[in-house]
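Source file: coords.csv. Holds: CSV, C-alpha atoms.
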```csv
chain,number,residue,atom,x,y,z
A,1,MET,CA,-9.5,-4.1,-17.7
A,2,ALA,CA,-13.0,-3.9,-16.2
A,3,VAL,CA,-15.4,-1.4,-17.7
A,4,ALA,CA,-18.7,-0.2,-16.3
A,5,THR,CA,-21.5,-2.3,-17.8
A,6,ASP,CA,-24.2,0.2,-16.7
A,7,ARG,CA,-24.3,3.7,-15.4
A,8,ALA,CA,-24.2,2.6,-11.7
A,9,GLY,CA,-21.4,0.1,-12.0
A,10,PRO,CA,-17.8,0.6,-10.9
A,11,VAL,CA,-15.6,2.6,-13.3
A,12,SER,CA,-12.1,1.6,-14.2
A,13,LEU,CA,-9.6,4.3,-13.3
A,14,ARG,CA,-6.6,2.3,-14.5
A,15,LEU,CA,-6.1,3.8,-18.0
A,16,PRO,CA,-6.7,7.4,-17.2
A,17,GLY,CA,-4.6,7.1,-14.0
A,18,ILE,CA,-1.7,5.6,-15.8
A,19,VAL,CA,-1.8,8.1,-18.7
A,20,LEU,CA,-2.1,11.0,-16.2
A,21,GLY,CA,0.9,9.5,-14.3
A,22,VAL,CA,3.0,9.2,-17.5
A,23,GLY,CA,2.3,12.9,-18.4
A,24,LEU,CA,2.8,14.2,-14.8
A,25,GLY,CA,5.9,12.1,-14.3
A,26,GLY,CA,7.3,13.5,-17.5
A,27,PHE,CA,6.6,17.0,-16.3
A,28,ALA,CA,8.3,16.3,-13.0
A,29,ASP,CA,11.4,15.0,-14.9
A,30,GLY,CA,11.4,18.0,-17.3
A,31,ILE,CA,10.8,20.7,-14.8
A,32,LEU,CA,13.1,19.3,-12.1
A,33,LEU,CA,16.0,17.7,-14.0
A,34,HIS,CA,15.9,19.7,-17.3
A,35,GLN,CA,15.0,23.2,-16.0
A,36,LEU,CA,15.6,23.7,-12.3
A,37,LEU,CA,18.7,21.5,-11.7
A,38,GLN,CA,19.8,21.6,-15.4
A,39,TRP,CA,21.4,18.2,-15.0
A,40,HIS,CA,20.4,17.3,-18.6
A,41,HIS,CA,18.4,18.3,-21.6
A,42,MET,CA,17.0,16.0,-24.3
A,43,LEU,CA,20.3,15.9,-26.3
A,44,THR,CA,23.0,16.4,-23.8
A,45,GLY,CA,24.4,12.9,-24.1
A,46,THR,CA,24.6,12.9,-27.9
A,47,ASP,CA,28.4,13.3,-27.9
A,48,THR,CA,28.5,9.7,-26.6
A,49,ASP,CA,25.1,8.4,-27.8
A,50,ASN,CA,24.5,5.0,-29.4
A,51,ILE,CA,22.7,6.3,-32.6
A,52,GLY,CA,24.8,9.1,-34.0
A,53,VAL,CA,22.7,12.2,-33.3
A,54,LYS,CA,24.6,15.4,-33.7
A,55,TYR,CA,26.0,16.8,-30.4
A,56,TYR,CA,24.5,20.1,-29.2
A,57,ASN,CA,26.7,21.4,-26.4
A,58,PRO,CA,24.3,22.9,-23.8
A,59,ARG,CA,27.1,25.2,-22.7
A,60,THR,CA,26.9,27.2,-26.0
A,61,VAL,CA,24.0,29.4,-27.0
A,62,SER,CA,23.2,27.5,-30.2
A,63,GLY,CA,23.5,24.1,-28.4
A,64,LEU,CA,21.3,25.3,-25.6
A,65,GLU,CA,18.8,26.6,-28.1
A,66,MET,CA,18.6,23.2,-29.8
A,67,ASN,CA,18.3,21.3,-26.5
A,68,THR,CA,15.6,23.7,-25.4
A,69,VAL,CA,13.6,23.0,-28.6
A,70,TRP,CA,13.8,19.3,-27.9
A,71,ASP,CA,12.9,19.8,-24.2
A,72,GLY,CA,9.9,21.7,-25.5
A,73,ALA,CA,8.9,18.8,-27.8
A,74,PHE,CA,9.3,16.5,-24.7
A,75,HIS,CA,7.0,18.8,-22.7
A,76,ALA,CA,4.4,18.9,-25.5
A,77,VAL,CA,4.2,15.1,-25.4
A,78,CYS,CA,3.8,15.3,-21.6
A,79,TRP,CA,1.1,17.9,-22.0
A,80,LEU,CA,-0.8,15.7,-24.5
A,81,ALA,CA,-0.5,12.7,-22.2
A,82,VAL,CA,-2.1,14.8,-19.3
A,83,LEU,CA,-4.9,16.1,-21.6
A,84,THR,CA,-5.5,12.6,-22.9
A,85,GLY,CA,-5.6,11.2,-19.3
A,86,LEU,CA,-8.0,13.9,-18.2
A,87,ALA,CA,-10.2,13.3,-21.3
A,88,VAL,CA,-10.4,9.6,-20.6
A,89,LEU,CA,-11.1,10.2,-16.9
A,90,TYR,CA,-13.8,12.8,-17.8
A,91,SER,CA,-15.5,10.4,-20.2
A,92,ARG,CA,-15.6,7.6,-17.6
A,93,ILE,CA,-16.7,9.7,-14.7
A,94,THR,CA,-20.0,11.4,-15.6
A,95,ARG,CA,-21.4,12.0,-12.1
A,96,ARG,CA,-19.9,13.1,-8.8
A,97,ARG,CA,-16.6,14.0,-10.4
A,98,SER,CA,-15.3,15.6,-7.3
A,99,ARG,CA,-15.2,12.2,-5.6
A,100,VAL,CA,-12.7,10.7,-8.0
A,101,TRP,CA,-9.9,13.0,-6.8
A,102,THR,CA,-10.0,11.4,-3.3
A,103,SER,CA,-9.8,7.9,-4.6
A,104,PRO,CA,-6.6,6.0,-3.7
A,105,VAL,CA,-7.3,3.9,-6.8
A,106,LEU,CA,-6.8,6.9,-9.1
A,107,TRP,CA,-3.7,8.1,-7.2
A,108,GLY,CA,-2.2,4.6,-7.2
A,109,TRP,CA,-2.6,4.2,-10.9
A,110,MET,CA,-1.1,7.7,-11.4
A,111,LEU,CA,2.0,6.6,-9.4
A,112,VAL,CA,2.1,3.4,-11.6
A,113,GLY,CA,2.1,5.7,-14.7
A,114,TRP,CA,4.9,7.9,-13.3
A,115,GLY,CA,7.0,4.8,-12.5
A,116,LEU,CA,6.3,3.4,-16.0
A,117,PHE,CA,7.4,6.8,-17.5
A,118,ASN,CA,10.7,6.5,-15.5
A,119,LEU,CA,11.3,2.9,-16.6
A,120,VAL,CA,10.5,3.4,-20.3
A,121,GLU,CA,12.3,6.8,-20.6
A,122,GLY,CA,15.2,5.5,-18.5
A,123,LEU,CA,15.7,2.4,-20.6
A,124,ILE,CA,15.2,4.0,-24.0
A,125,ASP,CA,16.8,7.5,-23.6
A,126,HIS,CA,19.5,6.7,-21.0
A,127,GLN,CA,20.5,3.2,-21.9
A,128,ILE,CA,19.5,2.2,-25.4
A,129,LEU,CA,19.8,5.5,-27.3
A,130,GLY,CA,22.2,7.2,-24.8
A,131,ILE,CA,20.9,10.6,-25.8
A,132,HIS,CA,21.1,11.9,-22.3
A,133,HIS,CA,21.7,10.7,-18.7
A,134,VAL,CA,20.1,11.7,-15.4
A,135,HIS,CA,23.3,13.4,-14.3
A,136,GLY,CA,26.1,13.1,-16.8
A,137,GLY,CA,29.7,12.6,-15.7
A,138,PRO,CA,31.9,9.8,-14.3
A,139,HIS,CA,29.1,8.4,-12.1
A,140,GLN,CA,26.2,8.7,-14.6
A,141,ILE,CA,25.5,5.0,-14.6
A,142,TRP,CA,24.6,5.2,-10.9
A,143,TRP,CA,22.2,8.1,-11.5
A,144,ASP,CA,20.6,6.2,-14.4
A,145,ILE,CA,20.2,3.1,-12.2
A,146,GLY,CA,18.7,5.2,-9.4
A,147,PHE,CA,16.2,6.6,-11.9
A,148,LEU,CA,15.2,3.1,-12.9
A,149,VAL,CA,15.0,2.0,-9.2
A,150,LEU,CA,12.8,5.0,-8.5
A,151,GLY,CA,10.6,4.0,-11.4
A,152,ALA,CA,10.2,0.5,-10.2
A,153,ALA,CA,9.5,1.7,-6.6
A,154,LEU,CA,6.8,4.0,-7.9
A,155,VAL,CA,5.1,1.2,-9.9
A,156,VAL,CA,5.1,-1.0,-6.8
A,157,ALA,CA,3.9,1.7,-4.5
A,158,GLY,CA,1.2,2.8,-6.9
A,159,TRP,CA,0.0,-0.7,-7.4
A,160,LEU,CA,-0.2,-1.3,-3.6
A,161,LEU,CA,-1.9,2.1,-3.1
A,162,GLN,CA,-4.6,1.4,-5.7
A,163,ARG,CA,-5.4,-1.9,-4.1
A,164,THR,CA,-6.3,-0.1,-0.8
A,165,GLY,CA,-9.2,1.6,-2.5
A,166,THR,CA,-12.6,0.4,-3.6
A,167,PRO,CA,-13.7,0.4,-7.2
A,168,PHE,CA,-14.9,3.9,-8.0
A,169,ASP,CA,-18.7,4.1,-8.1
A,170,PRO,CA,-19.9,7.6,-9.0
A,171,GLU,CA,-23.5,6.7,-8.1
A,172,GLY,CA,-23.1,5.9,-4.5
A,173,ASP,CA,-21.1,4.7,-1.5
A,174,ASP,CA,-21.8,1.0,-2.0
A,175,ALA,CA,-18.7,0.2,-4.0
A,176,ALA,CA,-17.3,-2.0,-1.2
A,177,ALA,CA,-20.1,-4.4,-1.6
A,178,ARG,CA,-19.4,-4.9,-5.3
A,179,PRO,CA,-16.7,-7.2,-6.8
A,180,ARG,CA,-13.3,-5.6,-7.0
A,181,SER,CA,-12.3,-4.2,-10.4
A,182,ALA,CA,-9.5,-1.7,-11.0
```
Structure rendered as structure tokens:
Amino acid sequence: MAVATDRAGPVSLRLPGIVLGVGLGGFADGILLHQLLQWHHMLTGTDTDNIGVKYYNPRTVSGLEMNTVWDGAFHAVCWLAVLTGLAVLYSRITRRRSRVWTSPVLWGWMLVGWGLFNLVEGLIDHQILGIHHVHGGPHQIWWDIGFLVLGAALVVAGWLLQRTGTPFDPEGDDAAARPRSA
């Protein structure tokens, strides 16, 4: 990972972009799949999980309460990831901060982070632990596979997008003349 060697050098957006993408991807999952569609909560697959976690039926008040607590813990981790990503970004971009938000490099790395979130969460929670699935039921494996495919597509799309940009130089517009560093 390239790091700026002086104040005027290109700044790496890889780490803050990926961390932001992980947090925002988690929020997208939690808000869309957990809350709006209500396809799953953190512990809705524990009746058939691989590690023996007690089952909390989301169709009962007490079960929904416990699933909501764990969804809240999940959202807290996502929130911390977003705050961390913003803190790293803020520490690296000390001048012309408004320019960074138009950088395809940042947005590309954020898509990579979202895709990595899907891949890691999909493999660990859906496949290895089995504590929940994207959309439980007789065809849940296909929903889980689709989630993994989406994650891989986001990683590829983000990687390609970040390559279209020039290294972020907060000091000026001469980034294209410098050696490429992400």
Exercise. Find the residues around A:Ala153 up to 12 Å (all atoms listed in the file counted), leave out those fewer than 2 positions away in its own chain, and share them as a list in words.
Key: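 So the residues in contact are Leu111, Val112, Gly113, Trp114, Gly115, Leu116, Asn118, Leu119, Gly146, Phe147, Leu148, Val149, Leu150, Gly151, Val155, Val156, Ala157, Gly158, Trp159, Leu160 and Leu161 of chain A.
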Quiz prompt | Point-to-point distance in Å for atom CA of A:Cys78 and atom CA of A:Arg96 | solution =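 Going from atom CA of A:Arg96 over to atom CA of A:Cys78 covers 27.0 Å.
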Quiz item: What does the distance from atom CA of A:Phe74 to atom CA of A:Trp101 come to in Å, to one decimal?
Solution: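 Separation between atom CA of A:Phe74 and atom CA of A:Trp101: 26.5 Å.
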Practice problem: Compile the contact shell of A:Thr44 as a list of chain:residue names: residues with an atom at most 12 Å away, counting all atoms listed in the file, same-chain residues fewer than 6 positions apart removed. | Solution: A:His34, A:Gln38, A:Val53, A:Lys54, A:Tyr55, A:Tyr56, A:Asn57, A:Pro58, A:Arg59, A:Thr60, A:Gly63, A:Leu64, A:Glu65, A:Met66, A:Asn67, A:Thr68, A:Trp70, A:Asp71, A:Asp125, A:His126, A:Leu129, A:Gly130, A:Ile131, A:His132, A:His133, A:Val134, A:His135, A:Gly136, A:Gly137
Quiz item: If we count all atoms listed in the file, what is near A:Val22 at a cut-off of 6 Å, once residues fewer than 2 positions away on the same chain are taken out, given as number ranges by chain?
Solution: A: 19-20, 24-25, 113-114, 117
May I have the selected residues written with C-alpha atoms, as a PDB file, in the frame of the given file?
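Output below, filename again-v2.pdb:
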```pdb
ATOM      1  CA  VAL A  19      -1.800   8.100 -18.700  1.00  0.00           C
ATOM      2  CA  LEU A  20      -2.100  11.000 -16.200  1.00  0.00           C
ATOM      3  CA  LEU A  24       2.800  14.200 -14.800  1.00  0.00           C
ATOM      4  CA  GLY A  25       5.900  12.100 -14.300  1.00  0.00           C
ATOM      5  CA  GLY A 113       2.100   5.700 -14.700  1.00  0.00           C
ATOM      6  CA  TRP A 114       4.900   7.900 -13.300  1.00  0.00           C
ATOM      7  CA  PHE A 117       7.400   6.800 -17.500  1.00  0.00           C
TER       8      PHE A 117
END
```
Quiz item: stretch 80-95 of chain A: which residues within 8 Å, counting only C-alpha atoms, same-chain residues fewer than 5 positions away excluded, as number ranges by chain?
Solution: A: 11-13, 15-24, 100, 170-171
Residues from the last selection, C-alpha atoms, saved as a PDB file, in the coordinates of the input:
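Wrote again21.pdb, looks like this:
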```pdb
ATOM      1  CA  VAL A  11     -15.600   2.600 -13.300  1.00  0.00           C
ATOM      2  CA  SER A  12     -12.100   1.600 -14.200  1.00  0.00           C
ATOM      3  CA  LEU A  13      -9.600   4.300 -13.300  1.00  0.00           C
ATOM      4  CA  LEU A  15      -6.100   3.800 -18.000  1.00  0.00           C
ATOM      5  CA  PRO A  16      -6.700   7.400 -17.200  1.00  0.00           C
ATOM      6  CA  GLY A  17      -4.600   7.100 -14.000  1.00  0.00           C
ATOM      7  CA  ILE A  18      -1.700   5.600 -15.800  1.00  0.00           C
ATOM      8  CA  VAL A  19      -1.800   8.100 -18.700  1.00  0.00           C
ATOM      9  CA  LEU A  20      -2.100  11.000 -16.200  1.00  0.00           C
ATOM     10  CA  GLY A  21       0.900   9.500 -14.300  1.00  0.00           C
ATOM     11  CA  VAL A  22       3.000   9.200 -17.500  1.00  0.00           C
ATOM     12  CA  GLY A  23       2.300  12.900 -18.400  1.00  0.00           C
ATOM     13  CA  LEU A  24       2.800  14.200 -14.800  1.00  0.00           C
ATOM     14  CA  VAL A 100     -12.700  10.700  -8.000  1.00  0.00           C
ATOM     15  CA  PRO A 170     -19.900   7.600  -9.000  1.00  0.00           C
ATOM     16  CA  GLU A 171     -23.500   6.700  -8.100  1.00  0.00           C
TER      17      GLU A 171
END
```
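Take atom CA of A:Trp79 and atom CA of A:Leu43: the distance between them is 19.8 Å.
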Using only C-alpha atoms and a cutoff of 9 Å, can you tell me which residues are near (25.7, 3.2, -31.3) in the file's coordinates, and write them out as a PDB file with C-alpha atoms, keeping the file's coordinate frame?
```pdb
ATOM      1  CA  THR A  48      28.500   9.700 -26.600  1.00  0.00           C
ATOM      2  CA  ASP A  49      25.100   8.400 -27.800  1.00  0.00           C
ATOM      3  CA  ASN A  50      24.500   5.000 -29.400  1.00  0.00           C
ATOM      4  CA  ILE A  51      22.700   6.300 -32.600  1.00  0.00           C
ATOM      5  CA  GLY A  52      24.800   9.100 -34.000  1.00  0.00           C
ATOM      6  CA  ILE A 128      19.500   2.200 -25.400  1.00  0.00           C
ATOM      7  CA  LEU A 129      19.800   5.500 -27.300  1.00  0.00           C
ATOM      8  CA  GLY A 130      22.200   7.200 -24.800  1.00  0.00           C
TER       9      GLY A 130
END
```
